[in-house]
Amino acid sequence: MSIFGNSIFGNKATHAVTDPAAAPAAAEPEGTNTVRKSDAEWRQELTPEEYYVLRQAGTERPFTGEYWDTHTAGVYQCRACGTELFTSNEKFDSHCGWPSFWAPLAEGTVRYIHDRTLGMDRIEVRCATCDSHLGHVFEGEGYPTPTDQRYCINSVSLKLVPRENAQVSTEETQG
C-alpha cells in the first residue's frame, strides 16, 4: 500500500511534531530500540546545523549538503543514532539538491508524519529509532523509479558508510 493511502493520511497522528521531547512517553513494545535523550544531550552531541535539522525539523539549503551528488556505494545511517535507513541501491539523481531515495532500507526504519507547516501539505520522514527529522517523501512526480516516490532527505541527517566499510549481514551473503 502506498504511504499516501489511509496508513498515513487516515491515521490520527496527522499533525507536525515540533518537539518530540515534549511529548509524553508512550509505552513501547518490548525489544524496541528507541533512543531517548534530553534536549541538552542532543545539543551537546550534534553540531548546530545537525541540531537544527534533526531535532527542530529544519532544512539545509539545496545543493550544499555532503551527499546530494554522491554516488558512493554503501549504507546511509541516521546521523543522530546510527540506525541504517537507506542504501545507495535506492538512491537516484532527482536533481533537486538533496539526496533522493525511492525507498527506505526496510519497513519500520522510518516513520511518517502528516506535515502541514509552511502552508504546504507534505509527508515528513523521521528516524523510527530516535525520532530525528530526515526530510520529506513525495509521490507522483514522474521519476522512473520502482515506487514513484522521492524520499528527499537532508544530507546533514545522514552518515554514509561506504560499502567496503559496512558490515555485511549473513542474510545478504547467503542471498
# chains A, B, ... in the order shown; residues from 1 in each chain; ligands from 1
call {"tool": "residues_around", "arguments": {"residues": "segment 36-42 of chain A", "least_positions_apart": "5", "cutoff": "9 Å", "atoms": "only C-alpha atoms", "output": "ChimeraX atom specification"}}
result
/A:21,51,55,80,129-131
call {"tool": "select_by_dssp", "arguments": {"residues": "segment 7-160 of chain A", "states": "alpha helix (DSSP H)", "output": "list in words"}}
result
Ser7, Ile8, Phe9, Asp39, Ala40, Glu41, Trp42, Arg43, Gln44, Glu45, Pro48, Glu49, Glu50, Tyr51, Tyr52, Val53 and Leu54 of chain A
call {"tool": "residues_around", "arguments": {"residues": "segment 116-128 of chain A", "least_positions_apart": "3", "cutoff": "8 Å", "atoms": "only C-alpha atoms", "output": "number ranges by chain"}}
result
A: 15-16, 34, 78, 83, 85, 108-113, 131-138, 151
call {"tool": "residues_around", "arguments": {"residues": "Trp98 of chain A", "least_positions_apart": "3", "cutoff": "9 Å", "atoms": "only C-alpha atoms", "output": "PyMOL selection string"}}
result
chain A and resi 60-65+67-69+94-95+152-155
call {"tool": "closest_residue", "arguments": {"among": "A:Pro48, A:His71, A:Glu164, A:Ser157", "to": "Phe92 of chain A", "atoms": "only C-alpha atoms"}}
result
A:His71
call {"tool": "residues_around", "arguments": {"residues": "Ala73 of chain A", "least_positions_apart": "3", "cutoff": "10 Å", "atoms": "only C-alpha atoms", "output": "ChimeraX atom specification"}}
result
/A:70,76,87-89,91,160-164,166
call {"tool": "write_last_selection", "arguments": {"atoms": "C-alpha atoms", "output": "PDB file, in the first residue's frame"}}
result
ATOM      1  CA  THR A  70      27.309  11.340  -4.123  1.00  0.00           C
ATOM      2  CA  TYR A  76      23.142   5.709   4.840  1.00  0.00           C
ATOM      3  CA  THR A  87      21.230   2.306   0.777  1.00  0.00           C
ATOM      4  CA  SER A  88      22.930   3.561  -2.338  1.00  0.00           C
ATOM      5  CA  ASN A  89      20.929   0.948  -4.305  1.00  0.00           C
ATOM      6  CA  LYS A  91      19.473   6.434  -4.293  1.00  0.00           C
ATOM      7  CA  LEU A 160      27.269   7.361   4.603  1.00  0.00           C
ATOM      8  CA  VAL A 161      29.154   4.179   5.458  1.00  0.00           C
ATOM      9  CA  PRO A 162      30.877   3.139   2.205  1.00  0.00           C
ATOM     10  CA  ARG A 163      30.277  -0.477   1.159  1.00  0.00           C
ATOM     11  CA  GLU A 164      33.859  -1.621   1.877  1.00  0.00           C
ATOM     12  CA  ALA A 166      29.931  -1.606   6.007  1.00  0.00           C
TER      13      ALA A 166
END
call {"tool": "atom_distance", "arguments": {"atom1": "atom CA of Asp115 of chain A", "atom2": "atom CA of Arg43 of chain A"}}
result
24.0 Å
call {"tool": "atom_distance", "arguments": {"atom1": "atom CA of Cys96 of chain A", "atom2": "atom CA of Arg79 of chain A"}}
result
21.2 Å
call {"tool": "closest_residue", "arguments": {"among": "A:Glu66, A:Cys81, A:Glu141, A:Glu50", "to": "Pro99 of chain A", "atoms": "only C-alpha atoms"}}
result
A:Glu66
call {"tool": "select_by_dssp", "arguments": {"residues": "segment 111-156 of chain A", "states": "strand (DSSP E or B)", "output": "list in words"}}
result
Arg111, Tyr112, Ile113, His114, Asp115, Arg122, Ile123, Glu124, Val125, Arg126, Cys127, His133, Leu134, Gly135, His136, Val137, Phe138, Glu139, Gln149, Arg150, Tyr151, Cys152 and Ile153 of chain A
